[in-house]
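Chemist: You'll find input.cif just under this line, and it carries mmCIF, C-alpha atoms and all ligand atoms.
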```cif
data_final
loop_
_atom_site.label_atom_id
_atom_site.label_comp_id
_atom_site.auth_asym_id
_atom_site.auth_seq_id
_atom_site.Cartn_x
_atom_site.Cartn_y
_atom_site.Cartn_z
CA MET A 18 110.43 141.50 72.23
CA ALA A 19 114.08 140.77 73.03
CA ALA A 20 113.89 143.23 75.89
CA SER A 21 110.76 141.64 77.34
CA ASN A 22 112.26 138.14 77.03
CA PHE A 23 115.32 139.39 78.84
CA LEU A 24 113.18 140.85 81.58
CA ILE A 25 111.17 137.64 81.98
CA THR A 26 114.35 135.55 82.18
CA LEU A 27 115.71 137.96 84.75
CA ILE A 28 112.57 137.77 86.92
CA PHE A 29 112.52 133.99 86.59
CA ASN A 30 116.16 133.59 87.63
CA TYR A 31 116.02 136.01 90.51
CA LEU A 32 112.99 134.32 92.01
CA THR A 33 113.75 130.68 91.38
CA VAL A 34 117.51 130.22 91.23
CA TYR A 35 119.30 129.77 94.55
CA ALA A 36 122.51 131.62 95.32
CA SER A 37 125.62 129.51 95.86
CA LYS A 38 126.70 128.78 99.43
CA GLU A 39 129.84 130.91 98.93
CA ILE A 40 127.93 133.99 97.78
CA GLU A 41 125.37 133.49 100.54
CA GLU A 42 128.05 133.25 103.21
CA SER A 43 130.11 136.17 102.01
CA ILE A 44 127.04 138.43 101.91
CA ASN A 45 125.81 137.23 105.31
CA ALA A 46 129.25 137.96 106.77
CA LEU A 47 128.66 141.65 105.99
CA LEU A 48 125.48 141.75 108.09
CA PRO A 49 125.12 142.24 111.85
CA GLU A 50 124.64 139.13 113.98
CA ASP A 51 120.90 139.62 114.49
CA ALA A 52 120.33 139.39 110.73
CA ARG A 53 121.67 135.83 110.80
CA LEU A 54 120.10 134.47 113.98
CA SER A 55 116.93 132.38 113.97
CA PHE A 56 113.93 133.11 116.17
CA THR A 57 115.14 130.68 118.82
CA GLN A 58 118.67 132.10 118.79
CA LEU A 59 117.36 135.66 119.11
CA ALA A 60 115.06 134.63 121.94
CA THR A 61 118.02 133.14 123.82
CA LYS A 62 120.22 136.14 123.11
CA TYR A 63 117.61 138.49 124.54
CA GLY A 64 117.07 136.49 127.68
CA HIS A 65 113.98 134.35 126.93
CA PRO A 66 114.87 130.88 125.62
CA ALA A 67 112.09 129.49 123.45
CA ILE A 68 110.72 125.98 123.02
CA GLU A 69 110.01 124.75 119.49
CA TYR A 70 107.00 122.63 118.59
CA GLU A 71 105.93 121.09 115.32
CA VAL A 72 102.28 121.30 114.39
CA VAL A 73 100.90 119.11 111.60
CA THR A 74 97.82 120.45 109.83
CA GLU A 75 94.90 118.35 108.63
CA ASP A 76 96.29 118.60 105.08
CA GLY A 77 99.82 117.59 106.02
CA TYR A 78 101.81 120.83 106.37
CA ILE A 79 104.38 120.82 109.18
CA LEU A 80 104.47 124.19 110.93
CA LYS A 81 106.91 125.48 113.51
CA LEU A 82 105.44 127.01 116.64
CA PHE A 83 107.65 128.85 119.14
CA HIS A 84 106.83 129.14 122.83
CA ILE A 85 108.31 131.57 125.34
CA PRO A 86 106.78 130.32 128.61
CA GLY A 87 105.25 132.67 131.15
CA ASN A 88 102.48 132.57 133.72
CA LYS A 89 100.66 135.88 133.38
CA GLY A 90 97.06 135.64 132.19
CA ARG A 91 95.89 133.65 129.17
CA PRO A 92 98.27 132.29 126.54
CA VAL A 93 98.92 134.87 123.82
CA LEU A 94 99.23 133.80 120.17
CA LEU A 95 101.09 136.16 117.83
CA MET A 96 100.61 135.80 114.06
CA HIS A 97 102.94 137.51 111.57
CA GLY A 98 102.05 139.12 108.22
CA THR A 99 102.59 138.21 104.54
CA ALA A 100 105.98 136.87 103.46
CA GLU A 101 107.17 137.05 107.05
CA SER A 102 107.76 134.64 109.92
CA ALA A 103 107.66 134.72 113.71
CA ASP A 104 110.99 136.59 113.45
CA THR A 105 108.95 139.75 112.91
CA TRP A 106 108.11 139.87 116.60
CA ILE A 107 111.67 139.67 117.88
CA ILE A 108 114.13 141.23 115.40
CA ARG A 109 114.08 144.53 117.29
CA GLY A 110 115.77 142.62 120.13
CA ASN A 111 115.30 144.35 123.46
CA LEU A 112 112.91 146.83 121.82
CA SER A 113 110.65 144.15 120.34
CA LEU A 114 107.16 143.09 121.39
CA ALA A 115 108.27 139.50 122.11
CA VAL A 116 110.87 140.66 124.64
CA ALA A 117 108.65 143.37 126.14
CA LEU A 118 105.77 140.94 126.79
CA ALA A 119 108.13 138.17 127.94
CA ASN A 120 109.70 140.58 130.43
CA SER A 121 106.20 141.14 131.82
CA GLY A 122 105.68 137.39 132.26
CA TYR A 123 103.15 136.62 129.50
CA ASP A 124 102.90 133.09 128.09
CA LEU A 125 103.78 133.70 124.44
CA TRP A 126 103.22 131.54 121.37
CA PHE A 127 104.50 132.54 117.93
CA GLY A 128 102.94 130.86 114.89
CA ASN A 129 104.42 130.38 111.43
CA VAL A 130 102.17 129.84 108.42
CA ARG A 131 102.85 127.18 105.78
CA GLY A 132 105.65 127.90 103.34
CA ASN A 133 107.70 130.38 105.36
CA ARG A 134 111.31 129.72 106.41
CA TYR A 135 110.23 127.66 109.43
CA SER A 136 107.23 125.92 107.91
CA ARG A 137 108.56 124.88 104.50
CA HIS A 138 107.76 121.23 105.25
CA HIS A 139 105.04 118.70 104.51
CA VAL A 140 104.47 115.07 105.41
CA SER A 141 104.63 114.00 101.74
CA LEU A 142 105.15 117.00 99.43
CA ASN A 143 108.58 118.44 98.68
CA PRO A 144 108.55 122.26 98.47
CA ASP A 145 111.47 122.24 96.01
CA ASP A 146 109.89 119.80 93.56
CA ASP A 147 106.14 119.62 94.05
CA ASP A 148 104.04 122.50 92.73
CA ALA A 149 101.18 121.19 94.84
CA PHE A 150 103.07 122.25 97.98
CA TRP A 151 102.59 125.92 96.97
CA ASN A 152 98.92 125.53 96.09
CA PHE A 153 97.67 127.68 98.97
CA SER A 154 96.72 131.21 99.89
CA LEU A 155 95.58 133.02 102.99
CA HIS A 156 92.47 130.83 102.94
CA GLU A 157 94.55 127.79 103.91
CA TYR A 158 96.41 129.84 106.55
CA GLY A 159 93.09 130.56 108.21
CA PHE A 160 91.24 127.32 107.52
CA TYR A 161 94.03 124.81 108.28
CA ASP A 162 97.09 126.43 109.88
CA LEU A 163 95.43 128.60 112.49
CA PRO A 164 93.11 125.95 114.00
CA ALA A 165 96.01 123.46 114.21
CA ILE A 166 98.12 126.10 115.98
CA ILE A 167 95.32 127.17 118.34
CA ASP A 168 94.42 123.59 119.29
CA THR A 169 98.07 122.79 119.99
CA ILE A 170 98.39 125.80 122.32
CA LEU A 171 95.17 124.99 124.16
CA ASN A 172 96.24 121.37 124.46
CA LYS A 173 99.75 122.19 125.78
CA THR A 174 98.55 124.82 128.25
CA GLY A 175 95.25 123.27 129.29
CA ALA A 176 93.64 126.69 128.72
CA GLU A 177 90.19 126.85 127.11
CA ILE A 178 90.66 130.17 125.40
CA LEU A 179 93.55 132.38 124.31
CA ASN A 180 94.31 135.97 123.41
CA ALA A 181 95.66 136.78 119.95
CA ILE A 182 97.69 139.50 118.31
CA GLY A 183 97.71 139.61 114.53
CA TYR A 184 99.74 141.93 112.36
CA SER A 185 98.53 142.75 108.83
CA VAL A 186 97.41 139.53 107.11
CA GLY A 187 98.19 137.89 110.45
CA ASN A 188 94.74 139.09 111.48
CA THR A 189 92.94 138.57 108.16
CA ILE A 190 93.44 134.85 108.72
CA PHE A 191 91.44 135.04 111.95
CA TYR A 192 88.48 136.42 109.94
CA VAL A 193 88.89 133.49 107.53
CA LEU A 194 88.97 131.01 110.42
CA CYS A 195 86.10 132.43 112.44
CA SER A 196 83.80 132.77 109.41
CA THR A 197 84.51 129.29 108.00
CA ARG A 198 84.78 127.42 111.32
CA PRO A 199 82.67 129.53 113.68
CA GLU A 200 83.29 127.13 116.58
CA TYR A 201 86.74 128.75 116.89
CA ASN A 202 85.19 132.04 118.02
CA SER A 203 84.88 130.57 121.48
CA LYS A 204 88.59 129.67 121.59
CA ILE A 205 89.72 133.25 121.01
CA ASN A 206 89.02 135.73 123.77
CA VAL A 207 90.18 138.89 122.04
CA LEU A 208 92.09 139.63 118.84
CA MET A 209 94.34 142.70 118.82
CA ALA A 210 94.43 143.53 115.11
CA LEU A 211 97.47 145.65 114.23
CA ALA A 212 97.29 147.24 110.76
CA PRO A 213 94.24 145.11 109.94
CA ILE A 214 94.07 143.93 106.35
CA CYS A 215 90.75 142.83 104.94
CA TYR A 216 89.45 145.04 102.14
CA LEU A 217 92.06 146.48 99.76
CA GLN A 218 90.00 148.71 97.51
CA ASN A 219 91.27 152.05 98.80
CA VAL A 220 95.01 151.47 98.57
CA PRO A 221 96.80 154.24 96.64
CA PRO A 222 99.16 153.81 93.67
CA PRO A 223 101.52 152.17 92.89
CA LEU A 224 99.95 149.20 94.71
CA SER A 225 96.49 149.87 93.26
CA THR A 226 98.04 149.67 89.78
CA LEU A 227 99.76 146.39 90.61
CA ILE A 228 96.44 145.07 91.90
CA GLN A 229 94.75 145.98 88.61
CA LEU A 230 97.56 144.32 86.64
CA SER A 231 97.69 141.27 88.91
CA PRO A 232 95.72 138.87 86.65
CA LEU A 233 98.34 139.40 83.93
CA ILE A 234 101.24 139.12 86.35
CA TYR A 235 99.82 135.98 87.93
CA LYS A 236 99.29 134.44 84.50
CA LEU A 237 102.91 135.17 83.61
CA PHE A 238 104.07 133.61 86.89
CA THR A 239 101.98 130.47 86.52
CA ASP A 240 103.09 130.09 82.88
CA LEU A 241 106.68 130.25 84.10
CA ASP A 242 105.83 127.84 86.91
CA ILE A 243 106.87 130.34 89.58
CA ASN A 244 104.85 129.21 92.59
CA GLU A 245 107.15 130.32 95.38
CA MET A 246 108.24 133.91 95.92
CA PHE A 247 111.02 135.33 98.10
CA ASN A 248 112.76 132.10 99.00
CA ASP A 249 115.47 132.88 101.58
CA ASN A 250 118.18 131.51 99.29
CA SER A 251 116.89 132.98 96.02
CA LEU A 252 119.17 135.37 94.14
CA LEU A 253 116.56 138.06 94.81
CA ASN A 254 116.79 137.71 98.58
CA THR A 255 120.56 137.16 98.58
CA TYR A 256 121.52 140.10 96.37
CA GLY A 257 118.76 142.11 98.03
CA LYS A 258 120.59 141.78 101.34
CA PHE A 259 123.72 143.15 99.73
CA ILE A 260 122.11 145.98 97.79
CA CYS A 261 119.73 147.16 100.51
CA THR A 262 122.55 147.55 103.03
CA ARG A 263 124.86 149.69 100.85
CA PRO A 264 125.23 152.99 102.71
CA GLN A 265 122.63 155.54 101.62
CA ILE A 266 122.06 154.23 98.08
CA GLY A 267 120.73 150.92 99.47
CA TYR A 268 118.27 152.73 101.72
CA ASP A 269 117.16 154.93 98.82
CA ILE A 270 116.57 151.97 96.50
CA CYS A 271 115.05 149.41 98.84
CA ILE A 272 113.27 151.47 101.46
CA LYS A 273 112.43 154.86 99.93
CA ASN A 274 111.68 153.58 96.42
CA LEU A 275 110.38 150.06 96.98
CA LEU A 276 109.07 149.62 100.53
CA PHE A 277 107.64 153.03 101.47
CA PRO A 278 105.53 153.51 98.32
CA ILE A 279 103.69 150.33 99.40
CA THR A 280 103.60 150.77 103.19
CA GLY A 281 103.56 154.56 103.61
CA TYR A 282 106.56 156.81 104.34
CA ASP A 283 108.17 157.00 107.77
CA SER A 284 111.97 157.04 107.67
CA GLU A 285 112.25 158.21 111.30
CA GLU A 286 111.04 154.81 112.52
CA LEU A 287 113.08 152.71 110.08
CA LYS A 288 116.77 153.65 110.17
CA PRO A 289 119.51 152.08 108.00
CA ALA A 290 121.02 150.22 111.00
CA PHE A 291 117.80 148.27 111.47
CA VAL A 292 117.49 147.62 107.72
CA SER A 293 120.74 145.64 108.02
CA VAL A 294 119.00 143.32 110.50
CA LEU A 295 115.66 143.31 108.69
CA VAL A 296 117.10 142.03 105.38
CA GLY A 297 118.09 138.79 107.11
CA HIS A 298 114.43 138.05 107.89
CA PHE A 299 112.18 139.85 105.44
CA HIS A 300 110.99 138.69 102.98
CA THR A 301 110.71 134.95 103.39
CA SER A 302 108.89 132.41 101.20
CA VAL A 303 105.27 132.90 100.26
CA SER A 304 103.21 131.39 97.44
CA SER A 305 102.46 133.55 94.42
CA ARG A 306 98.86 132.32 94.81
CA ASP A 307 98.66 133.97 98.24
CA LEU A 308 99.72 137.33 96.80
CA TYR A 309 97.23 136.92 93.96
CA HIS A 310 94.42 136.06 96.36
CA LEU A 311 95.12 139.34 98.18
CA ALA A 312 95.08 141.20 94.87
CA GLN A 313 91.74 139.56 93.98
CA ILE A 314 90.24 140.78 97.24
CA GLY A 315 91.42 144.23 96.13
CA PHE A 316 90.06 144.33 92.58
CA ARG A 317 86.93 142.26 93.29
CA LYS A 318 86.19 144.57 96.25
CA THR A 319 84.95 141.46 98.03
CA PHE A 320 86.40 139.48 100.93
CA ALA A 321 85.98 136.04 99.39
CA GLN A 322 87.78 132.79 98.75
CA PHE A 323 90.22 132.36 95.87
CA ASP A 324 88.65 132.96 92.47
CA TYR A 325 89.51 130.17 90.00
CA GLY A 326 87.36 131.66 87.21
CA SER A 327 83.79 130.45 86.61
CA ALA A 328 84.63 126.94 85.39
CA GLY A 329 87.16 126.37 88.17
CA ASN A 330 84.80 127.83 90.75
CA ILE A 331 81.99 125.47 89.76
CA GLU A 332 84.35 122.55 90.12
CA LYS A 333 85.71 123.72 93.44
CA TYR A 334 82.76 125.53 95.04
CA ASN A 335 79.72 124.44 92.98
CA SER A 336 79.13 128.11 92.16
CA THR A 337 80.42 130.47 89.47
CA LEU A 338 81.63 132.91 92.13
CA PRO A 339 83.86 132.05 95.07
CA PRO A 340 82.12 132.00 98.49
CA VAL A 341 82.24 135.27 100.42
CA TYR A 342 83.63 135.15 103.97
CA ASP A 343 80.72 136.12 106.20
CA LEU A 344 82.19 138.62 108.68
CA ASN A 345 78.93 138.48 110.67
CA LEU A 346 80.09 135.09 111.92
CA VAL A 347 83.28 136.58 113.40
CA THR A 348 81.90 137.12 116.89
CA THR A 349 85.20 137.13 118.79
CA LYS A 350 86.07 140.46 120.47
CA ILE A 351 88.27 142.51 118.17
CA VAL A 352 90.39 145.60 118.75
CA LEU A 353 91.40 147.45 115.57
CA TYR A 354 94.62 149.49 115.68
CA VAL A 355 95.16 151.69 112.63
CA GLY A 356 97.90 153.99 111.34
CA LEU A 357 96.78 157.16 109.54
CA ASN A 358 99.76 156.92 107.18
CA ASP A 359 99.26 153.21 106.41
CA PHE A 360 98.98 152.79 102.61
CA LEU A 361 98.03 149.09 102.87
CA ALA A 362 95.55 148.90 105.75
CA THR A 363 94.04 152.27 104.89
CA VAL A 364 91.62 154.02 107.23
CA ALA A 365 88.95 153.81 104.51
CA ASP A 366 89.31 150.05 104.08
CA VAL A 367 89.44 149.43 107.83
CA ALA A 368 86.21 151.44 108.09
CA ILE A 369 84.47 148.91 105.81
CA LEU A 370 85.83 146.04 107.89
CA ARG A 371 84.74 147.76 111.09
CA SER A 372 81.22 148.27 109.80
CA GLN A 373 80.88 144.54 109.04
CA LEU A 374 82.44 142.98 112.13
CA PRO A 375 79.80 142.48 114.84
CA ASN A 376 82.08 142.71 117.88
CA VAL A 377 84.67 145.48 117.53
CA VAL A 378 85.26 146.41 121.16
CA ARG A 379 87.79 149.16 120.46
CA TYR A 380 88.96 151.17 117.51
CA ILE A 381 92.31 152.86 118.04
CA ILE A 382 94.03 155.35 115.76
CA SER A 383 97.76 155.34 116.37
CA PRO A 384 98.86 158.51 118.20
CA ARG A 385 101.81 158.59 115.83
CA TRP A 386 100.16 160.15 112.78
CA LYS A 387 103.05 159.06 110.54
CA CYS A 388 102.53 155.42 111.57
CA ASN A 389 102.76 153.42 108.31
CA HIS A 390 102.05 149.75 107.66
CA PHE A 391 105.51 148.70 108.74
CA ASP A 392 105.76 150.66 111.98
CA HIS A 393 103.19 148.64 113.96
CA VAL A 394 105.77 145.99 114.83
CA ASN A 395 108.98 147.20 113.22
CA GLY A 396 109.07 150.85 114.26
CA GLU A 397 111.91 152.00 116.49
CA HIS A 398 109.58 153.44 119.13
CA VAL A 399 106.71 150.94 119.14
CA ASN A 400 107.24 150.82 122.88
CA ASP A 401 105.71 154.35 123.00
CA TYR A 402 102.86 154.22 120.51
CA VAL A 403 101.80 150.55 120.20
CA PHE A 404 102.76 148.47 123.25
CA PRO A 405 100.76 150.44 125.86
CA TYR A 406 97.58 149.69 123.86
CA ILE A 407 98.48 146.01 123.56
CA ARG A 408 99.15 145.69 127.27
CA ASP A 409 95.89 147.44 128.04
CA VAL A 410 93.93 145.08 125.78
CA LEU A 411 95.59 141.99 127.27
CA GLU A 412 94.70 143.21 130.74
CA SER A 413 91.20 144.55 130.07
CA TYR A 414 89.48 141.61 128.37
C1 LIG A 501 118.84 143.45 126.76
O1 LIG A 501 118.33 143.98 127.96
C2 LIG A 501 118.81 143.26 129.11
C3 LIG A 501 118.05 143.77 130.33
O2 LIG A 501 117.96 145.17 130.31
C4 LIG A 501 120.31 143.48 129.23
O3 LIG A 501 120.80 142.79 130.36
C5 LIG A 501 120.97 142.90 127.96
O4 LIG A 501 122.34 143.16 127.99
C6 LIG A 501 120.36 143.51 126.71
N1 LIG A 501 120.84 142.73 125.59
C7 LIG A 501 121.39 143.25 124.53
C8 LIG A 501 121.98 142.30 123.54
O5 LIG A 501 121.43 144.46 124.33
C1 LIG A 502 95.51 123.44 93.23
O1 LIG A 502 94.22 123.36 93.80
C2 LIG A 502 93.18 123.45 92.85
C3 LIG A 502 91.85 123.53 93.56
O2 LIG A 502 91.78 122.62 94.61
C4 LIG A 502 93.26 122.28 91.89
O3 LIG A 502 92.25 122.40 90.91
C5 LIG A 502 94.64 122.28 91.21
O4 LIG A 502 94.77 121.13 90.40
C6 LIG A 502 95.74 122.29 92.23
N1 LIG A 502 97.01 122.47 91.57
C7 LIG A 502 98.08 121.74 91.93
C8 LIG A 502 99.35 122.03 91.18
O5 LIG A 502 98.06 120.94 92.84
C1 LIG A 503 96.27 116.98 124.67
O1 LIG A 503 96.21 115.97 123.70
C2 LIG A 503 96.55 114.70 124.20
C3 LIG A 503 96.62 113.70 123.04
O2 LIG A 503 95.49 113.81 122.23
C4 LIG A 503 95.53 114.29 125.26
O3 LIG A 503 95.86 113.03 125.77
C5 LIG A 503 95.56 115.32 126.38
O4 LIG A 503 94.57 115.03 127.33
C6 LIG A 503 95.32 116.72 125.82
N1 LIG A 503 95.52 117.69 126.89
C7 LIG A 503 94.64 118.66 127.13
C8 LIG A 503 94.99 119.56 128.26
O5 LIG A 503 93.65 118.83 126.47
C1 LIG A 504 75.29 122.63 93.56
O1 LIG A 504 74.44 123.75 93.59
C2 LIG A 504 73.12 123.51 93.12
C3 LIG A 504 72.38 124.83 93.00
O2 LIG A 504 72.63 125.68 94.10
C4 LIG A 504 72.44 122.51 94.05
O3 LIG A 504 71.12 122.24 93.62
C5 LIG A 504 73.27 121.23 94.08
O4 LIG A 504 72.72 120.32 95.01
C6 LIG A 504 74.71 121.51 94.43
N1 LIG A 504 75.52 120.33 94.24
C7 LIG A 504 76.34 119.87 95.16
C8 LIG A 504 77.12 118.64 94.80
O5 LIG A 504 76.50 120.40 96.25
#
```
Transcribe the structure of this file into structure tokens.
Ligand SMILES: *[C@@H]1O[C@H](CO)[C@@H](O)[C@H](O)[C@H]1NC(C)=O
Ligand SMILES: *[C@@H]1O[C@H](CO)[C@@H](O)[C@H](O)[C@H]1NC(C)=O
Ligand SMILES: *[C@@H]1O[C@H](CO)[C@@H](O)[C@H](O)[C@H]1NC(C)=O
Ligand SMILES: *[C@@H]1O[C@H](CO)[C@@H](O)[C@H](O)[C@H]1NC(C)=O
Modeler:
Amino acid sequence: MAASNFLITLIFNYLTVYASKEIEESINALLPEDARLSFTQLATKYGHPAIEYEVVTEDGYILKLFHIPGNKGRPVLLMHGTAESADTWIIRGNLSLAVALANSGYDLWFGNVRGNRYSRHHVSLNPDDDDAFWNFSLHEYGFYDLPAIIDTILNKTGAEILNAIGYSVGNTIFYVLCSTRPEYNSKINVLMALAPICYLQNVPPPLSTLIQLSPLIYKLFTDLDINEMFNDNSLLNTYGKFICTRPQIGYDICIKNLLFPITGYDSEELKPAFVSVLVGHFHTSVSSRDLYHLAQIGFRKTFAQFDYGSAGNIEKYNSTLPPVYDLNLVTTKIVLYVGLNDFLATVADVAILRSQLPNVVRYIISPRWKCNHFDHVNGEHVNDYVFPYIRDVLESY
């Protein structure tokens, strides 16, 4: 009992207590410059100054949208994955997708979902004090954030339709949007889905075990009032930066023992030097409800809205079960790009998604057979095994 209380206190503190400014600064001083720069600073450093916009959603969240202007083809919207931000697309610097596409002249827009380091704002709710701020999951990303972002881009550019690139849950949210607000299908020309997450019933252990245990874990978290995970200033993130960058042992702990068992193993594409940059950007804030919604999709084997339990569902949805997202309504053109060594967006789960989407125009298996969930945007040689396919899709449709 004492041991479990100790563990719970430890989890609670590491997730919810912020590190002091002094600790934060002394740990940041050990990291390379790119770990500390924001999206806009990185964009400037790598030769493509970005413009920042604020997008306010129907339900009051204030989201940051970055724009690297260009004049080639349709505007391109890039959406990051879970517990990430737009930084994902640029932290590889000159090797990143943002810089590669900007060098080719594309008009690039980088979204940030509610809650992350750039979008931790609301017209009336305070993310530090109001639990209601964190009362969202990927449903709200798709139903509120994405349409606000898309409409802003179409308004600013005068375009009628855009191209999209989504990584991981950054494409799941397009399925949420297009099934719940089908009028948005006609605003998206093609979605390039990298490591597409939808079904999660074929993920291997240890994640499958966590998914099975998730109702208990979520109950513990809600009892402790932990609604936000991976805050940038939390002790977890701060000490994580220090531990994960200790030579060799840090890589063994954080990457080999924590990250790879979830994403698939590929140490050739993720070297310690890049980990030192990565820790400054990943993870960033996400709601515990979002992670639990993903876990529900896994153990319920159904792509549906958040499950509040039968009483809660009747109140919220007028039905004992949460509504299923109808993938038949997702008529936008979709290209699926899959890694054979991806433990999260497994080939088996993508096959279910593919069989239900009515308009998959291409299905691509990464030529790098060791391509794991992380490699699609973070790999050292994405320029060889991902970018040519992206360029081809942007030019072909
Ligand atoms: C990035 O690439 C550009 C063009 O090749 C080069 O001029 C610049 O020095 C590079 N920047 C960094 C920080 O490596
Ligand atoms: C979160 O949303 C649900 C469903 O809309 C609602 O029942 C619940 O009271 C909300 N919780 C908070 C803390 O706002
Ligand atoms: C963008 O929105 C503004 C304000 O609602 C409107 O006046 C303008 O015509 C819109 N521009 C385009 C290109 O739709
Ligand atoms: C709730 O569902 C029942 C049965 O499907 C239906 O008859 C009723 O009109 C619904 N109520 C509301 C408020 O939508």
Chemist: List all protein, DNA and RNA residues that have any atom at most 10 Å from ligand LIG 504 (chain A), counting all atoms listed in the file, and write the list as JSON, numbers by chain.
Modeler: {"A": [331, 332, 334, 335, 336, 337]}
Chemist: What is the distance, in Å and to one decimal place, between atom CA of Glu177 of chain A and atom CA of Val193 of chain A?
Modeler: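 Distance reported for this atom pair: 20.7 Å.
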Chemist: In the coordinate frame of the file, compute which residues have an atom within 9 Å of (105.3, 128.4, 129.9) when using only C-alpha atoms, and state them as a PyMOL selection string.
Modeler: chain A and resi 84-88+92+123-125+174
Chemist: Let me have the centre and edge lengths in Å, one decimal, of the box along x, y and z around every listed atom of ligand LIG 503 (chain A) with 6 Å of margin on each side, as AutoDock Vina command-line options.
Modeler:
```
--center_x 95.1 --center_y 116.3 --center_z 125.2 --size_x 15.0 --size_y 18.5 --size_z 18.0
```
Chemist: Excluding Leu311 of chain A and any residue of its chain fewer than 2 positions from it, enumerate the residues within 9 Å of it, using only C-alpha atoms, and give them as a list of chain:residue names.
Modeler: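 Returned residues: A:Ser154, A:Leu155, A:Cys215, A:Tyr216, A:Leu217, A:Ile228, A:Arg306, A:Asp307, A:Leu308, A:Tyr309, A:Gln313, A:Ile314, A:Gly315, A:Phe323.
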Chemist: Quick one: everything within 12 Å of Leu275 of chain A, counting only C-alpha atoms, minus sequence neighbours fewer than 5 positions away in the same chain. Send it as number ranges by chain.
Modeler: A: 223-224, 257, 261, 267-270, 280-282
Chemist: Take atom CA of Gln322 of chain A and atom CA of Thr197 of chain A and report the distance between them in Å, one decimal.
Modeler: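 Going from atom CA of Gln322 of chain A over to atom CA of Thr197 of chain A covers 10.4 Å.
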Chemist: Can you tell me which residues sit at most 9 Å away from ligand LIG 502 (chain A), counting all atoms listed in the file, written as a list in words?
Modeler: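 Those residues are Asp147, Asp148, Ala149, Phe150, Trp151, Asn152, Phe153, Tyr325, Gly329, Asn330, Glu332 and Lys333 of chain A.
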Chemist: For Ser196 of chain A, which of A:Val399, A:Leu346, A:Ile44, A:Ile79 is the closest residue, counting all atoms listed in the file?
Modeler: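 Ranking A:Val399, A:Leu346, A:Ile44, A:Ile79 by distance to Ser196 of chain A, first place goes to A:Leu346.
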Chemist: How close does each residue of chain A get to ligand LIG 503 (chain A), giving the shortest atom pair and distance in Å to one decimal for every residue with an atom at most 10 Å away, counting all atoms listed in the file, sorted by chain and residue number, as a tab-separated table?
Modeler:
```
residue	atom	partner	partner_atom	distance
A:Asp168	CA	A:LIG503	O5	8.6
A:Thr169	CA	A:LIG503	C1	7.7
A:Ile170	CA	A:LIG503	C8	9.3
A:Leu171	CA	A:LIG503	O5	6.8
A:Asn172	CA	A:LIG503	C7	4.1
A:Lys173	CA	A:LIG503	C8	6.0
A:Thr174	CA	A:LIG503	C8	6.4
A:Gly175	CA	A:LIG503	C8	3.9
A:Ala176	CA	A:LIG503	C8	7.3
A:Glu177	CA	A:LIG503	O5	8.8
```
Chemist: As a PyMOL selection string, please: every protein or nucleic acid residue near ligand LIG 501 (chain A) (cut-off 8 Å, counting all atoms listed in the file).
Modeler: chain A and resi 62-64+110-111
Chemist: Looking at only C-alpha atoms, which of A:Thr26, A:Asp401, A:Ser37, A:Phe391 is the one that sits closest to Leu287 of chain A?
Modeler: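 Of A:Thr26, A:Asp401, A:Ser37, A:Phe391, the one nearest Leu287 of chain A, counting only C-alpha atoms, is A:Phe391.
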Chemist: For each of A:Ile107, A:Pro264, A:Val34, A:Met209, take the minimum atom-to-atom distance to Ala60 of chain A, counting all atoms listed in the file, then give the residue where this is smallest.
Modeler: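 Of all the options, A:Ile107 lies closest to Ala60 of chain A.
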